[in-house]
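S.K.: Got a structure for you, written out below as structure tokens; questions coming shortly.
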Protein chains: 4
Amino acid sequence: MTAQHVTTQRLRFCDTDRLGHVNNAVYAVMLEAGRSELMDLAGLLDPAGGCAVVIVRLELDFLREMNWPGEVTIETAVHRIGTKSMHLRQHVSLGGEITARATSVLAVIDVATRRAVAIRPAWRESLAAYLVPDLT
Amino acid sequence: MTAQHVTTQRLRFCDTDRLGHVNNAVYAVMLEAGRSELMDLAGLLDPAGGCAVVIVRLELDFLREMNWPGEVTIETAVHRIGTKSMHLRQHVSLGGEITARATSVLAVIDVATRRAVAIRPAWRESLAAYLVPDLT
Amino acid sequence: MTAQHVTTQRLRFCDTDRLGHVNNAVYAVMLEAGRSELMDLAGLLDPAGGCAVVIVRLELDFLREMNWPGEVTIETAVHRIGTKSMHLRQHVSLGGEITARATSVLAVIDVATRRAVAIRPAWRESLAAYLVPDLT
Amino acid sequence: MTAQHVTTQRLRFCDTDRLGHVNNAVYAVMLEAGRSELMDLAGLLDPAGGCAVVIVRLELDFLREMNWPGEVTIETAVHRIGTKSMHLRQHVSLGGEITARATSVLAVIDVATRRAVAIRPAWRESLAAYLVPDLT
């Protein structure tokens, strides 16, 4: 059975801005926190491998304000694995309510050449544990 | 004649991450830096007005890596002004090359009720100076 | 019995910089995360009270590098409570090792006048629960 | 003749926090922005050199609040160059007023071993251009 990756992030006072709420760019930070933990668990961040995961596209819907203090939950699902890219779906939530929805496209690059490389079979296999096509 | 708003941001050392380049969330920060300056100039951030501008949706294409040190340019154009929302188009560039393209949807909220309010005629007029429908 | 306040913060990928480790300014963020939670628990951040806590001085010794991923622990003790200021001592640690030591001086300001106000008896009482003079 | 290094940073909207002003950790970011530009100019950040500059101690006096929008000036002077460490003095200012004063101790580390190395004669020579012992 597959399941989305779930992690949490405690909000920091400095995540707020002068509007009183959590700054919009922090939503992007939260999404990255979820993605990077999943990529690390799936073995794509092994520094010895000479590869790195980069984001190519982000679509982010801000659904609700968030306020400090609080503990944010980030759910990350692999939606689709292509030849050279991965499509993710993510939810950010606080206090049981979804505060943002996002989709992202990631690529793996060779850290020396900075060019995209093919998704290796071993990565594909470990990413498959997080394949939840219908996280919406 | 109308023209997009242009501002610059000097990269900070801490904008980088362990991949050696500028972190992806910093692109969102740069976009906000451009949007907020435009909104301030257009009079939408007047604290006495009881209103604040919030982002509802962001679409962000990461086109190139950016490296510290450097001075980033952010161009922001108003694409469309609706009844309660504004659509913006933005470019981030470094060294003469576009590094990211973004579209965003913004809304104005009443800071007391946190609900969206209609775009006032005075705002519409000042925003019109930045109406550049074809910034792509 | 009194005891230092303890909280945790999960490191975020973007806390790293191009040296590969957690950026030095993030240590200041971690320290603020600890201080602000303590001040919130002690009732000094009540927005209805018209007061805010600001930092006046920070001394920070960086003892060890920190690497993502990881969960940071922040211990915060009240060292001394003066008429208009509070002196705190803090430890940041990761994996059981202290990575930074800090002392800070805080003041409470009236949010309207932005001037320091006297520490109220009620605050003094609640802060006293965290009085640990010898956290070093 | 020697002179302190001077650079500027345009404040970003997200540099503010819910107190309405620039967050205290951003002062640490500004100080790093100044230090890192000076170190880069002085040749200590050459990636081919296998060395990196890290901060060992920071003393920071917060003198005034800062508000967005604005352009911050950061002055950085080398106060003393030891065998394995450098002592800097810094001022942050906004609108012609000093908003923070800081002293810091830096060390150069070998990026492979992560241990401090001696300040090389070539670095000492280039750093000497910024030796301003009395920036206070």
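Ordering of the structure tokens sets the chain letters (A, B, ...); residue numbers start at 1 within each chain; ligands are numbered from 1 in the order shown.
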Could the residues of chain A within 7 Å of chain D, counting only C-alpha atoms, be given as a list of chain:residue names, please?

M.R.: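 On the chain A side, the interface is A:Cys14, A:Thr16, A:Asp17, A:Arg18, A:Leu19, A:Gly20, A:His21, A:Asn23.
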
S.K.: Print the selection's residues with N, CA and C atoms to a file, as an mmCIF file, in the first residue's frame.

M.R.:
```
data_model
loop_
_atom_site.group_PDB
_atom_site.id
_atom_site.type_symbol
_atom_site.label_atom_id
_atom_site.label_comp_id
_atom_site.auth_asym_id
_atom_site.auth_seq_id
_atom_site.Cartn_x
_atom_site.Cartn_y
_atom_site.Cartn_z
ATOM 1 N N CYS A 14 9.532 34.410 13.360
ATOM 2 C CA CYS A 14 9.935 35.195 12.192
ATOM 3 C C CYS A 14 9.270 34.736 10.899
ATOM 4 N N THR A 16 6.227 35.078 10.545
ATOM 5 C CA THR A 16 5.157 36.066 10.390
ATOM 6 C C THR A 16 5.675 37.302 9.655
ATOM 7 N N ASP A 17 4.758 38.087 9.117
ATOM 8 C CA ASP A 17 5.144 39.375 8.534
ATOM 9 C C ASP A 17 4.260 40.467 9.117
ATOM 10 N N ARG A 18 4.402 41.675 8.624
ATOM 11 C CA ARG A 18 3.717 42.784 9.282
ATOM 12 C C ARG A 18 2.203 42.773 9.076
ATOM 13 N N LEU A 19 1.701 41.817 8.295
ATOM 14 C CA LEU A 19 0.253 41.642 8.216
ATOM 15 C C LEU A 19 -0.249 40.798 9.396
ATOM 16 N N GLY A 20 0.674 40.340 10.234
ATOM 17 C CA GLY A 20 0.302 39.594 11.426
ATOM 18 C C GLY A 20 0.274 38.085 11.230
ATOM 19 N N HIS A 21 0.200 37.656 9.995
ATOM 20 C CA HIS A 21 0.091 36.216 9.706
ATOM 21 C C HIS A 21 1.404 35.654 9.138
ATOM 22 N N ASN A 23 3.939 34.668 6.524
ATOM 23 C CA ASN A 23 4.247 35.226 5.206
ATOM 24 C C ASN A 23 4.056 34.200 4.089
#
```

S.K.: Write out as number ranges by chain the residues lying within 10 Å of Val117 (chain B), counting only C-alpha atoms and excluding same-chain residues fewer than 6 positions away.

M.R.: B: 51-52, 83-85, 107-110

S.K.: Would you save the residues of that selection, restricted to C-alpha atoms, as a PDB file, in the first residue's frame?

M.R.:
```pdb
ATOM      1  CA  CYS B  51      -6.698  47.037   3.974  1.00  0.00           C
ATOM      2  CA  ALA B  52      -3.975  44.586   3.086  1.00  0.00           C
ATOM      3  CA  THR B  83     -13.749  43.184  -9.229  1.00  0.00           C
ATOM      4  CA  LYS B  84     -12.039  41.706  -6.209  1.00  0.00           C
ATOM      5  CA  SER B  85      -8.751  40.406  -7.567  1.00  0.00           C
ATOM      6  CA  ALA B 107      -6.857  40.066  -3.372  1.00  0.00           C
ATOM      7  CA  VAL B 108      -7.356  43.006  -1.049  1.00  0.00           C
ATOM      8  CA  ILE B 109      -8.691  42.144   2.387  1.00  0.00           C
ATOM      9  CA  ASP B 110     -10.148  44.199   5.183  1.00  0.00           C
TER      10      ASP B 110
END
```

S.K.: Would you kindly return, as a PyMOL selection string, each protein, DNA or RNA residue with an atom no farther than 6 Å from any atom of Tyr130 (chain B), considering only C-alpha atoms and excluding same-chain residues fewer than 5 positions away?

M.R.: chain B and resi 2-4+77-78

S.K.: Go through region 10-41 of chain C and flag each residue having an atom no more than 10 Å from region 95-103 of chain C; for those, report the closest pair of atoms plus their distance in Å to one decimal, using only C-alpha atoms, ordered by chain and rising number, as CSV.

M.R.:
```
residue,atom,partner,partner_atom,distance
C:Tyr27,CA,C:Ala100,CA,7.6
C:Ala28,CA,C:Ala102,CA,9.2
C:Leu31,CA,C:Ala102,CA,7.9
```

S.K.: With DSSP run on the backbone, what are the strand (DSSP E) residues within region 9-75 of chain A? I'd like them as a PyMOL selection string.

M.R.: chain A and resi 9-10+51-62+71-75

S.K.: Quick one: write out the picked residues with all heavy atoms as a compact mmCIF listing (two decimals), in the first residue's frame?

M.R.:
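Contents of out33.txt, as written:
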```
# COMPACT_ATOMS: atom_id res chain seq x y z
N GLN A 9 6.17 20.92 10.84
CA GLN A 9 7.08 22.04 11.05
C GLN A 9 6.45 22.98 12.07
O GLN A 9 5.32 23.43 11.88
CB GLN A 9 7.27 22.82 9.73
CG GLN A 9 8.34 22.25 8.83
CD GLN A 9 9.74 22.53 9.32
OE1 GLN A 9 9.96 23.46 10.09
NE2 GLN A 9 10.68 21.72 8.90
N ARG A 10 7.18 23.23 13.14
CA ARG A 10 6.69 24.19 14.12
C ARG A 10 6.94 25.59 13.55
O ARG A 10 8.06 25.90 13.11
CB ARG A 10 7.46 24.02 15.43
CG ARG A 10 6.84 24.77 16.61
CD ARG A 10 7.73 24.63 17.85
NE ARG A 10 7.95 23.25 18.23
CZ ARG A 10 7.17 22.57 19.08
NH1 ARG A 10 6.13 23.15 19.63
NH2 ARG A 10 7.45 21.31 19.37
N CYS A 51 24.09 13.73 -7.46
CA CYS A 51 22.85 14.27 -8.00
C CYS A 51 22.16 15.17 -7.00
O CYS A 51 22.39 15.07 -5.79
CB CYS A 51 21.91 13.13 -8.39
SG CYS A 51 22.54 12.16 -9.76
N ALA A 52 21.31 16.04 -7.50
CA ALA A 52 20.51 16.91 -6.64
C ALA A 52 19.14 17.04 -7.27
O ALA A 52 18.99 16.93 -8.48
CB ALA A 52 21.17 18.27 -6.52
N VAL A 53 18.14 17.28 -6.42
CA VAL A 53 16.78 17.46 -6.91
C VAL A 53 16.46 18.94 -6.94
O VAL A 53 16.69 19.64 -5.96
CB VAL A 53 15.78 16.72 -6.00
CG1 VAL A 53 14.36 16.92 -6.50
CG2 VAL A 53 16.12 15.23 -5.94
N VAL A 54 15.96 19.40 -8.07
CA VAL A 54 15.59 20.82 -8.19
C VAL A 54 14.14 20.94 -8.62
O VAL A 54 13.57 20.02 -9.21
CB VAL A 54 16.49 21.58 -9.20
CG1 VAL A 54 17.94 21.59 -8.72
CG2 VAL A 54 16.38 20.98 -10.59
N ILE A 55 13.55 22.08 -8.30
CA ILE A 55 12.16 22.31 -8.67
C ILE A 55 12.12 23.08 -9.99
O ILE A 55 12.90 24.00 -10.22
CB ILE A 55 11.40 23.04 -7.54
CG1 ILE A 55 9.92 23.15 -7.89
CG2 ILE A 55 12.01 24.40 -7.24
CD1 ILE A 55 9.05 23.53 -6.69
N VAL A 56 11.21 22.68 -10.84
CA VAL A 56 11.08 23.27 -12.17
C VAL A 56 9.83 24.14 -12.25
O VAL A 56 9.82 25.19 -12.91
CB VAL A 56 11.01 22.14 -13.22
CG1 VAL A 56 10.74 22.69 -14.60
CG2 VAL A 56 12.29 21.31 -13.20
N ARG A 57 8.78 23.71 -11.57
CA ARG A 57 7.53 24.47 -11.61
C ARG A 57 6.76 24.27 -10.31
O ARG A 57 6.74 23.17 -9.76
CB ARG A 57 6.68 24.02 -12.80
CG ARG A 57 5.35 24.78 -12.91
CD ARG A 57 4.59 24.45 -14.19
NE ARG A 57 3.23 24.93 -14.14
CZ ARG A 57 2.85 26.20 -14.37
NH1 ARG A 57 3.76 27.10 -14.69
NH2 ARG A 57 1.59 26.56 -14.28
N LEU A 58 6.13 25.33 -9.86
CA LEU A 58 5.31 25.29 -8.65
C LEU A 58 3.98 25.98 -8.91
O LEU A 58 3.96 27.09 -9.46
CB LEU A 58 6.03 26.03 -7.50
CG LEU A 58 5.27 26.18 -6.18
CD1 LEU A 58 5.07 24.83 -5.49
CD2 LEU A 58 6.01 27.14 -5.25
N GLU A 59 2.90 25.32 -8.55
CA GLU A 59 1.58 25.95 -8.56
C GLU A 59 1.06 25.88 -7.14
O GLU A 59 0.99 24.80 -6.56
CB GLU A 59 0.61 25.21 -9.49
CG GLU A 59 0.92 25.36 -10.96
CD GLU A 59 -0.10 24.64 -11.83
OE1 GLU A 59 -1.29 24.63 -11.49
OE2 GLU A 59 0.32 24.07 -12.85
N LEU A 60 0.71 27.02 -6.61
CA LEU A 60 0.42 27.10 -5.18
C LEU A 60 -0.87 27.89 -4.96
O LEU A 60 -0.95 29.06 -5.34
CB LEU A 60 1.63 27.75 -4.50
CG LEU A 60 1.61 28.14 -3.04
CD1 LEU A 60 1.01 27.07 -2.16
CD2 LEU A 60 3.03 28.46 -2.58
N ASP A 61 -1.85 27.23 -4.35
CA ASP A 61 -3.09 27.92 -3.98
C ASP A 61 -3.10 28.16 -2.48
O ASP A 61 -3.04 27.22 -1.69
CB ASP A 61 -4.31 27.06 -4.38
CG ASP A 61 -4.54 27.09 -5.88
OD1 ASP A 61 -4.87 28.16 -6.40
OD2 ASP A 61 -4.33 26.04 -6.54
N PHE A 62 -3.17 29.45 -2.15
CA PHE A 62 -3.21 29.86 -0.74
C PHE A 62 -4.68 29.85 -0.31
O PHE A 62 -5.47 30.67 -0.81
CB PHE A 62 -2.63 31.27 -0.60
CG PHE A 62 -1.21 31.38 -1.05
CD1 PHE A 62 -0.90 31.65 -2.39
CD2 PHE A 62 -0.16 31.24 -0.15
CE1 PHE A 62 0.42 31.76 -2.80
CE2 PHE A 62 1.16 31.35 -0.58
CZ PHE A 62 1.46 31.61 -1.90
N GLU A 71 1.75 24.30 14.79
CA GLU A 71 2.53 23.22 14.19
C GLU A 71 1.87 22.88 12.86
O GLU A 71 0.71 22.45 12.82
CB GLU A 71 2.52 21.99 15.11
CG GLU A 71 3.36 20.85 14.64
CD GLU A 71 4.62 20.68 15.47
OE1 GLU A 71 4.91 21.54 16.32
OE2 GLU A 71 5.32 19.68 15.26
N VAL A 72 2.59 23.08 11.81
CA VAL A 72 2.08 22.87 10.46
C VAL A 72 2.32 21.42 10.03
O VAL A 72 3.36 20.85 10.35
CB VAL A 72 2.78 23.83 9.48
CG1 VAL A 72 2.48 23.48 8.04
CG2 VAL A 72 2.36 25.27 9.79
N THR A 73 1.35 20.83 9.35
CA THR A 73 1.53 19.49 8.78
C THR A 73 1.68 19.63 7.27
O THR A 73 0.94 20.40 6.64
CB THR A 73 0.31 18.60 9.10
OG1 THR A 73 0.22 18.48 10.52
CG2 THR A 73 0.45 17.22 8.47
N ILE A 74 2.63 18.91 6.70
CA ILE A 74 2.85 18.93 5.25
C ILE A 74 2.73 17.50 4.73
O ILE A 74 3.47 16.61 5.14
CB ILE A 74 4.25 19.49 4.90
CG1 ILE A 74 4.46 20.86 5.54
CG2 ILE A 74 4.42 19.57 3.38
CD1 ILE A 74 5.56 20.91 6.56
N GLU A 75 1.78 17.31 3.82
CA GLU A 75 1.59 16.00 3.18
C GLU A 75 2.10 16.10 1.75
O GLU A 75 1.77 17.05 1.03
CB GLU A 75 0.11 15.63 3.14
CG GLU A 75 -0.51 15.42 4.50
CD GLU A 75 -2.01 15.21 4.37
OE1 GLU A 75 -2.43 14.05 4.22
OE2 GLU A 75 -2.75 16.22 4.40
```

S.K.: One number please: CA of Gly50 (chain D) to CA of Met66 (chain C), in Å, one decimal.

M.R.: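 Between CA of Gly50 (chain D) and CA of Met66 (chain C) the gap works out to 19.5 Å.
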
S.K.: Apply DSSP to the structure's backbone, then extract all residues of chain D labelled helix (DSSP H, G or I) and return them as number ranges by chain.

M.R.: D: 13-15, 24-41, 47-49, 121-130

S.K.: Could you please determine the separation between CA of Val29 (chain A) and CA of Val29 (chain B) in Å, to one decimal place?

M.R.: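 Rounded to one decimal, the two atoms are 10.3 Å apart.
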
S.K.: Could you tell me how far CA of Ala128 (chain A) lies from CA of Leu44 (chain A), in Å and to one decimal?

M.R.: 12.9 Å

S.K.: I'd like the contact shell of Leu41 (chain D) - 12 Å cut-off, only C-alpha atoms, skipping same-chain residues fewer than 5 positions apart - returned as number ranges by chain.

M.R.: B: 69; D: 5-7, 34-36, 46, 123, 126-130
